[in-house]
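Here's the structure we're looking at; comments come further down.
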Amino acid sequence: MRFEEFLKSVSKIKNIPLPAEVSHFKMVPPFRQELLKKQKEAIKKAKHAGVLSLFYPDEDMETKFVLILRKTYKGVHSAQVAFPGGKLEAQDASLRDTALRETFEEVGVPIDTVQIVRSISQVYIPPSNFYVHPFIGFTQNTPQFIKQDDEVEALIEIDLEHFLDEQSLISKKVKTSYSIEVEVPAFKLNDYVVWGATAMMLSEIKDLLKQL
């Protein structure tokens, strides 16, 4: 999709009701749907995080967005594909600020070049007890990414048309944080398998863009 076309479309997103669980449940196995409905009490005690779905033009003025591959470490999100973002810190005035700060720290996009379009539906992540607040934003210019080497293994630049193509949806057996293998819906983007909370957020973004 040409970036000019994307900007015209995304300006209308603010007024569209969020599909929320309708989108999220497309990307979770049936047992997770029941768990999500029972997690309201756990959410009250959760830590908060802000993440950013950042869209931008490439050198040919086609629309892309960036994901990151996290480093391998001893933790529940080791080597997973995610949005740039992280936990709310004391210096952050809001979760919006968290998402912008973390995006700058992890991928090097200056805060003052990013325009936030809107927030979308939050996602609770039980294994790490985080309540994640996602935002959609864009930058008018092709970013000069700078990877945060101690946390980010790779930057993944996704073509928007590829993401919106139904062929990007797959089913994949993955090992959960509970060491159980389950069949889950996922996105296959640039040969990376994206599942879990990131896939749930991507599903809502996809449904919003498809409405436009």
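Here's how to read the names in the structure tokens: chain A, B, ... by the order shown, residue numbers from 1 in each chain, ligand numbers from 1 in the order shown.
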
| field | Within 12 Å of Asn15 of chain A using only C-alpha atoms, minus same-chain residues under 6 positions, as a ChimeraX atom specification | value | /A:9,117-120,208,211-212

| query | Residues of segment 3-124 of chain A in strand (DSSP E or B) according to DSSP, as number ranges by chain? | reply | A: 47-57, 62-70, 81-82, 85-87, 114-119, 123-124

Surrounding residues of segment 51-65 of chain A excluding itself and chain neighbours under 6 positions, 7 Å, only C-alpha atoms, as a PDB file with N, CA, C and O atoms, in the first residue's frame:
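Printed below is selection26.pdb as written:
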```
ATOM      1  N   MET A   1       0.846  -1.190   0.000  1.00  0.00           N
ATOM      2  CA  MET A   1       0.000   0.000   0.000  1.00  0.00           C
ATOM      3  C   MET A   1       0.886   1.245   0.000  1.00  0.00           C
ATOM      4  O   MET A   1       1.817   1.349   0.789  1.00  0.00           O
ATOM      5  N   ARG A   2       0.577   2.173  -0.891  1.00  0.00           N
ATOM      6  CA  ARG A   2       1.320   3.429  -0.936  1.00  0.00           C
ATOM      7  C   ARG A   2       1.099   4.193   0.372  1.00  0.00           C
ATOM      8  O   ARG A   2       0.012   4.172   0.954  1.00  0.00           O
ATOM      9  N   PHE A   3       2.159   4.881   0.823  1.00  0.00           N
ATOM     10  CA  PHE A   3       2.083   5.537   2.121  1.00  0.00           C
ATOM     11  C   PHE A   3       1.053   6.663   2.130  1.00  0.00           C
ATOM     12  O   PHE A   3       0.369   6.880   3.140  1.00  0.00           O
ATOM     13  N   PHE A  83       6.293  -6.015  19.404  1.00  0.00           N
ATOM     14  CA  PHE A  83       6.356  -4.602  19.073  1.00  0.00           C
ATOM     15  C   PHE A  83       7.455  -3.946  19.910  1.00  0.00           C
ATOM     16  O   PHE A  83       7.736  -4.396  21.024  1.00  0.00           O
ATOM     17  N   PRO A  84       8.057  -2.872  19.420  1.00  0.00           N
ATOM     18  CA  PRO A  84       8.909  -2.080  20.308  1.00  0.00           C
ATOM     19  C   PRO A  84       8.077  -1.600  21.501  1.00  0.00           C
ATOM     20  O   PRO A  84       6.930  -1.204  21.334  1.00  0.00           O
ATOM     21  N   GLY A  85       8.667  -1.651  22.684  1.00  0.00           N
ATOM     22  CA  GLY A  85       7.928  -1.210  23.857  1.00  0.00           C
ATOM     23  C   GLY A  85       8.483  -1.829  25.112  1.00  0.00           C
ATOM     24  O   GLY A  85       9.422  -2.620  25.090  1.00  0.00           O
ATOM     25  N   GLY A  86       7.880  -1.475  26.249  1.00  0.00           N
ATOM     26  CA  GLY A  86       8.358  -1.995  27.518  1.00  0.00           C
ATOM     27  C   GLY A  86       7.525  -1.471  28.671  1.00  0.00           C
ATOM     28  O   GLY A  86       6.478  -0.854  28.471  1.00  0.00           O
ATOM     29  N   ALA A  99       5.508   4.006  25.494  1.00  0.00           N
ATOM     30  CA  ALA A  99       5.638   3.401  24.159  1.00  0.00           C
ATOM     31  C   ALA A  99       6.617   4.188  23.289  1.00  0.00           C
ATOM     32  O   ALA A  99       7.454   3.600  22.591  1.00  0.00           O
ATOM     33  N   THR A 103      10.326   2.819  22.181  1.00  0.00           N
ATOM     34  CA  THR A 103      10.576   2.705  20.740  1.00  0.00           C
ATOM     35  C   THR A 103      11.865   3.414  20.363  1.00  0.00           C
ATOM     36  O   THR A 103      12.668   2.907  19.577  1.00  0.00           O
ATOM     37  N   HIS A 133      -0.498  -2.027  26.840  1.00  0.00           N
ATOM     38  CA  HIS A 133      -1.308  -0.976  26.223  1.00  0.00           C
ATOM     39  C   HIS A 133      -0.673  -0.612  24.874  1.00  0.00           C
ATOM     40  O   HIS A 133       0.382   0.032  24.835  1.00  0.00           O
ATOM     41  N   PRO A 134      -1.300  -1.020  23.757  1.00  0.00           N
ATOM     42  CA  PRO A 134      -0.718  -0.752  22.439  1.00  0.00           C
ATOM     43  C   PRO A 134      -1.208   0.568  21.839  1.00  0.00           C
ATOM     44  O   PRO A 134      -2.345   0.997  22.070  1.00  0.00           O
ATOM     45  N   PHE A 135      -0.329   1.174  21.050  1.00  0.00           N
ATOM     46  CA  PHE A 135      -0.652   2.412  20.344  1.00  0.00           C
ATOM     47  C   PHE A 135      -0.299   2.244  18.868  1.00  0.00           C
ATOM     48  O   PHE A 135       0.657   1.542  18.524  1.00  0.00           O
ATOM     49  N   ILE A 136      -1.072   2.900  18.012  1.00  0.00           N
ATOM     50  CA  ILE A 136      -0.765   2.970  16.585  1.00  0.00           C
ATOM     51  C   ILE A 136      -0.181   4.344  16.306  1.00  0.00           C
ATOM     52  O   ILE A 136      -0.736   5.366  16.730  1.00  0.00           O
ATOM     53  N   GLY A 137       0.949   4.389  15.605  1.00  0.00           N
ATOM     54  CA  GLY A 137       1.577   5.653  15.257  1.00  0.00           C
ATOM     55  C   GLY A 137       2.273   5.560  13.915  1.00  0.00           C
ATOM     56  O   GLY A 137       2.372   4.488  13.323  1.00  0.00           O
ATOM     57  N   PHE A 138       2.739   6.692  13.451  1.00  0.00           N
ATOM     58  CA  PHE A 138       3.472   6.690  12.178  1.00  0.00           C
ATOM     59  C   PHE A 138       4.512   7.796  12.184  1.00  0.00           C
ATOM     60  O   PHE A 138       4.447   8.753  12.962  1.00  0.00           O
ATOM     61  N   THR A 139       5.481   7.649  11.309  1.00  0.00           N
ATOM     62  CA  THR A 139       6.456   8.701  11.048  1.00  0.00           C
ATOM     63  C   THR A 139       6.466   8.975   9.555  1.00  0.00           C
ATOM     64  O   THR A 139       6.299   8.049   8.745  1.00  0.00           O
ATOM     65  N   GLN A 140       6.596  10.217   9.188  1.00  0.00           N
ATOM     66  CA  GLN A 140       6.453  10.624   7.789  1.00  0.00           C
ATOM     67  C   GLN A 140       7.648  10.222   6.926  1.00  0.00           C
ATOM     68  O   GLN A 140       7.533  10.130   5.706  1.00  0.00           O
ATOM     69  N   ASN A 141       8.794   9.983   7.568  1.00  0.00           N
ATOM     70  CA  ASN A 141      10.017   9.696   6.818  1.00  0.00           C
ATOM     71  C   ASN A 141      10.492   8.272   7.077  1.00  0.00           C
ATOM     72  O   ASN A 141      10.161   7.661   8.104  1.00  0.00           O
ATOM     73  N   THR A 142      11.295   7.756   6.154  1.00  0.00           N
ATOM     74  CA  THR A 142      11.888   6.433   6.332  1.00  0.00           C
ATOM     75  C   THR A 142      12.860   6.481   7.508  1.00  0.00           C
ATOM     76  O   THR A 142      13.822   7.252   7.486  1.00  0.00           O
ATOM     77  N   GLU A 157      11.195  -5.578   9.372  1.00  0.00           N
ATOM     78  CA  GLU A 157      10.395  -4.578   8.658  1.00  0.00           C
ATOM     79  C   GLU A 157       9.356  -5.298   7.801  1.00  0.00           C
ATOM     80  O   GLU A 157       9.697  -6.008   6.865  1.00  0.00           O
ATOM     81  N   ILE A 158       8.089  -5.092   8.136  1.00  0.00           N
ATOM     82  CA  ILE A 158       6.990  -5.831   7.513  1.00  0.00           C
ATOM     83  C   ILE A 158       6.256  -4.951   6.502  1.00  0.00           C
ATOM     84  O   ILE A 158       5.845  -3.832   6.819  1.00  0.00           O
ATOM     85  N   ASP A 159       6.107  -5.466   5.300  1.00  0.00           N
ATOM     86  CA  ASP A 159       5.315  -4.773   4.287  1.00  0.00           C
ATOM     87  C   ASP A 159       3.834  -4.885   4.642  1.00  0.00           C
ATOM     88  O   ASP A 159       3.334  -5.986   4.934  1.00  0.00           O
ATOM     89  N   LEU A 160       3.116  -3.766   4.633  1.00  0.00           N
ATOM     90  CA  LEU A 160       1.720  -3.762   5.064  1.00  0.00           C
ATOM     91  C   LEU A 160       0.856  -4.678   4.199  1.00  0.00           C
ATOM     92  O   LEU A 160      -0.008  -5.396   4.715  1.00  0.00           O
TER      93      LEU A 160
END
```

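Considering only C-alpha atoms, the residue among A:Lys172, A:Lys45, A:Lys147, A:Lys87 positioned nearest to Gly108 of chain A is A:Lys147.
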